[in-house]
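Printed here is my_file.txt (compact mmCIF, N, CA and C atoms):
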# COMPACT_ATOMS: atom_id res chain seq x y z
N MET A 1325 131.63 108.18 119.00
CA MET A 1325 130.40 107.43 118.82
C MET A 1325 129.97 106.89 120.19
N PRO A 1326 128.69 107.04 120.52
CA PRO A 1326 128.21 106.55 121.82
C PRO A 1326 128.28 105.02 121.92
N ASP A 1327 128.32 104.54 123.13
CA ASP A 1327 128.29 103.10 123.35
C ASP A 1327 127.00 102.51 122.83
N LYS A 1328 127.04 101.22 122.57
CA LYS A 1328 125.89 100.50 122.01
C LYS A 1328 124.65 100.64 122.90
N ASN A 1329 124.82 100.60 124.19
CA ASN A 1329 123.70 100.64 125.13
C ASN A 1329 123.46 102.03 125.72
N ALA A 1330 124.15 103.03 125.22
CA ALA A 1330 123.96 104.39 125.73
C ALA A 1330 122.58 104.90 125.31
N PRO A 1331 121.98 105.78 126.10
CA PRO A 1331 120.68 106.34 125.73
C PRO A 1331 120.78 107.09 124.39
N LEU A 1332 119.72 107.03 123.63
CA LEU A 1332 119.70 107.73 122.34
C LEU A 1332 119.67 109.24 122.56
N THR A 1333 120.33 109.95 121.68
CA THR A 1333 120.33 111.41 121.77
C THR A 1333 119.10 111.96 121.03
N SER A 1334 118.81 113.20 121.29
CA SER A 1334 117.67 113.82 120.61
C SER A 1334 117.92 113.90 119.11
N GLU A 1335 119.17 114.06 118.71
CA GLU A 1335 119.50 114.10 117.28
C GLU A 1335 119.23 112.74 116.62
N GLU A 1336 119.60 111.67 117.33
CA GLU A 1336 119.36 110.33 116.79
C GLU A 1336 117.86 110.04 116.66
N ILE A 1337 117.10 110.46 117.64
CA ILE A 1337 115.64 110.28 117.59
C ILE A 1337 115.05 111.10 116.45
N THR A 1338 115.53 112.31 116.28
CA THR A 1338 115.03 113.17 115.20
C THR A 1338 115.33 112.56 113.84
N GLU A 1339 116.53 112.04 113.66
CA GLU A 1339 116.90 111.40 112.39
C GLU A 1339 116.01 110.19 112.12
N ALA A 1340 115.77 109.38 113.14
CA ALA A 1340 114.91 108.21 112.97
C ALA A 1340 113.48 108.61 112.65
N ALA A 1341 112.99 109.67 113.31
CA ALA A 1341 111.63 110.14 113.04
C ALA A 1341 111.50 110.69 111.63
N ASP A 1342 112.56 111.33 111.14
CA ASP A 1342 112.55 111.86 109.77
C ASP A 1342 112.45 110.74 108.74
N ILE A 1343 112.93 109.56 109.09
CA ILE A 1343 112.81 108.41 108.20
C ILE A 1343 111.45 107.73 108.39
N PHE A 1344 111.05 107.55 109.66
CA PHE A 1344 109.86 106.76 109.97
C PHE A 1344 108.56 107.44 109.55
N PHE A 1345 108.36 108.69 109.91
CA PHE A 1345 107.04 109.30 109.73
C PHE A 1345 106.61 109.48 108.28
N PRO A 1346 107.50 109.81 107.35
CA PRO A 1346 107.04 109.84 105.96
C PRO A 1346 106.54 108.47 105.48
N LEU A 1347 107.21 107.39 105.91
CA LEU A 1347 106.77 106.05 105.55
C LEU A 1347 105.44 105.73 106.22
N PHE A 1348 105.30 106.08 107.48
CA PHE A 1348 104.05 105.87 108.20
C PHE A 1348 102.92 106.61 107.52
N ASN A 1349 103.17 107.85 107.13
CA ASN A 1349 102.12 108.65 106.49
C ASN A 1349 101.67 108.07 105.16
N ILE A 1350 102.60 107.49 104.41
CA ILE A 1350 102.24 106.86 103.13
C ILE A 1350 101.23 105.75 103.38
N VAL A 1351 101.48 104.92 104.37
CA VAL A 1351 100.57 103.81 104.67
C VAL A 1351 99.28 104.34 105.29
N ASP A 1352 99.39 105.26 106.23
CA ASP A 1352 98.22 105.79 106.94
C ASP A 1352 97.23 106.45 105.99
N GLU A 1353 97.73 107.13 104.96
CA GLU A 1353 96.84 107.79 103.99
C GLU A 1353 95.99 106.79 103.22
N ARG A 1354 96.47 105.55 103.10
CA ARG A 1354 95.75 104.53 102.34
C ARG A 1354 94.86 103.66 103.22
N MET A 1355 94.97 103.83 104.52
CA MET A 1355 94.18 103.03 105.45
C MET A 1355 92.76 103.61 105.57
N PRO A 1356 91.78 102.77 105.92
CA PRO A 1356 90.42 103.28 106.16
C PRO A 1356 90.43 104.29 107.31
N GLU A 1357 89.47 105.18 107.31
CA GLU A 1357 89.42 106.21 108.35
C GLU A 1357 89.25 105.61 109.73
N THR A 1358 88.67 104.44 109.81
CA THR A 1358 88.43 103.81 111.12
C THR A 1358 89.65 103.04 111.63
N ALA A 1359 90.72 102.97 110.85
CA ALA A 1359 91.91 102.23 111.26
C ALA A 1359 92.63 102.96 112.39
N SER A 1360 93.09 102.17 113.34
CA SER A 1360 93.85 102.74 114.45
C SER A 1360 95.32 102.85 114.08
N THR A 1361 96.07 103.52 114.92
CA THR A 1361 97.51 103.62 114.71
C THR A 1361 98.13 102.23 114.76
N GLU A 1362 97.63 101.40 115.66
CA GLU A 1362 98.14 100.02 115.77
C GLU A 1362 97.89 99.25 114.47
N ASP A 1363 96.70 99.44 113.87
CA ASP A 1363 96.40 98.80 112.59
C ASP A 1363 97.40 99.24 111.52
N THR A 1364 97.67 100.52 111.48
CA THR A 1364 98.60 101.05 110.49
C THR A 1364 100.00 100.48 110.69
N LEU A 1365 100.43 100.38 111.93
CA LEU A 1365 101.76 99.81 112.21
C LEU A 1365 101.84 98.35 111.79
N LYS A 1366 100.77 97.59 112.01
CA LYS A 1366 100.75 96.19 111.59
C LYS A 1366 100.82 96.07 110.07
N VAL A 1367 100.08 96.93 109.39
CA VAL A 1367 100.10 96.92 107.93
C VAL A 1367 101.48 97.34 107.43
N MET A 1368 102.08 98.34 108.08
CA MET A 1368 103.43 98.77 107.69
C MET A 1368 104.42 97.62 107.78
N GLU A 1369 104.29 96.80 108.81
CA GLU A 1369 105.20 95.66 108.98
C GLU A 1369 105.05 94.69 107.81
N ASN A 1370 103.82 94.42 107.43
CA ASN A 1370 103.58 93.51 106.30
C ASN A 1370 104.06 94.10 104.98
N ILE A 1371 103.87 95.39 104.81
CA ILE A 1371 104.33 96.05 103.59
C ILE A 1371 105.86 96.02 103.52
N ALA A 1372 106.51 96.22 104.65
CA ALA A 1372 107.97 96.18 104.67
C ALA A 1372 108.49 94.80 104.29
N LYS A 1373 107.83 93.75 104.76
CA LYS A 1373 108.23 92.38 104.39
C LYS A 1373 108.06 92.17 102.89
N LEU A 1374 106.94 92.63 102.36
CA LEU A 1374 106.69 92.49 100.93
C LEU A 1374 107.71 93.30 100.12
N ALA A 1375 108.01 94.50 100.56
CA ALA A 1375 108.99 95.34 99.87
C ALA A 1375 110.37 94.67 99.85
N GLN A 1376 110.74 94.02 100.95
CA GLN A 1376 112.02 93.31 101.00
C GLN A 1376 112.04 92.16 100.01
N LYS A 1377 110.93 91.42 99.93
CA LYS A 1377 110.83 90.31 98.98
C LYS A 1377 110.94 90.82 97.55
N GLU A 1378 110.27 91.93 97.26
CA GLU A 1378 110.32 92.51 95.92
C GLU A 1378 111.73 93.00 95.59
N ARG A 1379 112.41 93.57 96.57
CA ARG A 1379 113.79 94.03 96.37
C ARG A 1379 114.69 92.85 96.02
N ILE A 1380 114.53 91.76 96.76
CA ILE A 1380 115.33 90.56 96.50
C ILE A 1380 115.04 90.02 95.10
N LYS A 1381 113.76 89.99 94.74
CA LYS A 1381 113.39 89.47 93.42
C LYS A 1381 114.00 90.33 92.31
N LYS A 1382 113.95 91.64 92.46
CA LYS A 1382 114.54 92.54 91.46
C LYS A 1382 116.05 92.35 91.36
N ARG A 1383 116.71 92.18 92.51
CA ARG A 1383 118.16 91.96 92.49
C ARG A 1383 118.51 90.66 91.78
N GLU A 1384 117.75 89.61 92.08
CA GLU A 1384 118.01 88.32 91.44
C GLU A 1384 117.81 88.41 89.93
N GLU A 1385 116.76 89.10 89.49
CA GLU A 1385 116.52 89.28 88.06
C GLU A 1385 117.65 90.07 87.42
N ALA A 1386 118.12 91.11 88.10
CA ALA A 1386 119.21 91.92 87.56
C ALA A 1386 120.49 91.10 87.42
N VAL A 1387 120.76 90.27 88.40
CA VAL A 1387 121.96 89.43 88.35
C VAL A 1387 121.84 88.43 87.21
N LYS A 1388 120.67 87.82 87.06
CA LYS A 1388 120.47 86.85 85.98
C LYS A 1388 120.66 87.51 84.62
N LEU A 1389 120.10 88.70 84.48
CA LEU A 1389 120.24 89.42 83.21
C LEU A 1389 121.70 89.81 82.96
N LYS A 1390 122.38 90.17 84.01
CA LYS A 1390 123.77 90.59 83.89
C LYS A 1390 124.64 89.44 83.38
N PHE A 1391 124.36 88.24 83.85
CA PHE A 1391 125.17 87.09 83.47
C PHE A 1391 124.55 86.27 82.35
N GLY A 1392 123.41 86.68 81.84
CA GLY A 1392 122.83 86.04 80.67
C GLY A 1392 122.08 84.76 80.91
N PHE A 1393 121.66 84.49 82.12
CA PHE A 1393 120.93 83.26 82.39
C PHE A 1393 119.51 83.29 81.85
N ASN A 1394 118.99 84.46 81.55
CA ASN A 1394 117.62 84.56 81.08
C ASN A 1394 117.54 84.78 79.58
N LYS A 1395 118.60 84.57 78.89
CA LYS A 1395 118.57 84.79 77.45
C LYS A 1395 117.66 83.76 76.80
N THR A 1396 116.78 84.26 75.95
CA THR A 1396 115.88 83.36 75.24
C THR A 1396 116.31 83.32 73.79
N THR A 1397 116.06 82.20 73.17
CA THR A 1397 116.39 82.07 71.76
C THR A 1397 115.11 81.97 70.97
N ASP A 1398 115.17 82.38 69.73
CA ASP A 1398 114.02 82.33 68.86
C ASP A 1398 113.76 80.87 68.50
N SER A 1399 112.55 80.41 68.70
CA SER A 1399 112.24 78.99 68.49
C SER A 1399 112.39 78.60 67.02
N ASP A 1400 112.24 79.53 66.08
CA ASP A 1400 112.41 79.23 64.66
C ASP A 1400 113.86 78.89 64.35
N GLU A 1401 114.78 79.54 65.03
CA GLU A 1401 116.20 79.28 64.78
C GLU A 1401 116.65 77.98 65.42
N ASP A 1402 115.97 77.55 66.46
CA ASP A 1402 116.36 76.36 67.19
C ASP A 1402 115.85 75.06 66.56
N THR A 1403 114.81 75.15 65.78
CA THR A 1403 114.24 73.93 65.22
C THR A 1403 115.01 73.53 63.98
N VAL A 1404 115.16 72.24 63.82
CA VAL A 1404 115.85 71.70 62.66
C VAL A 1404 114.80 71.37 61.62
N LYS A 1405 114.94 71.95 60.45
CA LYS A 1405 113.96 71.72 59.40
C LYS A 1405 114.30 70.44 58.65
N ASP A 1406 113.26 69.70 58.32
CA ASP A 1406 113.43 68.46 57.60
C ASP A 1406 113.65 68.77 56.14
N GLU A 1407 114.79 68.41 55.60
CA GLU A 1407 115.18 68.70 54.22
C GLU A 1407 114.41 67.85 53.21
N SER A 1408 113.78 66.74 53.66
CA SER A 1408 113.12 65.85 52.72
C SER A 1408 111.77 66.37 52.26
N ASP A 1409 111.22 67.39 52.86
CA ASP A 1409 109.91 67.91 52.44
C ASP A 1409 109.97 68.67 51.16
Show me this structure written as structure tokens.
Amino acid sequence: MPDKNAPLTSEEITEAADIFFPLFNIVDERMPETASTEDTLKVMENIAKLAQKERIKKREEAVKLKFGFNKTTDSDEDTVKDESD
């Protein structure tokens, strides 16, 4: 494995480009035709932040469901009926 500060190899750049460009293209296709590459990169950054927040929210919901913290009870079963009626 190369040192931390060693120059990147062409294989490493190719692997990173294979990850980056499909994501860039997804955002770029939705941008207005007048948007610059810089605009698209800024939007990508914001989308990535939002995606991370959504990922965290989904994980938290899954954990809560796994441990039963979100279990709801039927309100009819929880109410005590007055026997004197």
May I ask for the distance between CA of Glu1369 (chain A) and CA of Arg1354 (chain A), given in Å to one decimal place?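 CA of Arg1354 (chain A) lies at a distance of 14.6 Å from CA of Glu1369 (chain A).
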What gap, in Å, lies between CA of Phe1345 (chain A) and CA of Arg1383 (chain A)?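 CA of Arg1383 (chain A) lies 26.9 Å from CA of Phe1345 (chain A).
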Enumerate the residues of region 1353-1390 of chain A with a DSSP assignment of alpha helix (DSSP H), computed from the backbone, and present them as a ChimeraX atom specification. /A:1353-1354,1361-1390
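Counting from atom C of Ser1360 (chain A), the distance to CA of Leu1374 (chain A) is 20.2 Å.
Candidate residues A:Ala1372, A:Ile1337, A:Pro1331, A:Ala1386 were compared for distance to Val1351 (chain A), and the nearest is A:Ala1372, using only C-alpha atoms.
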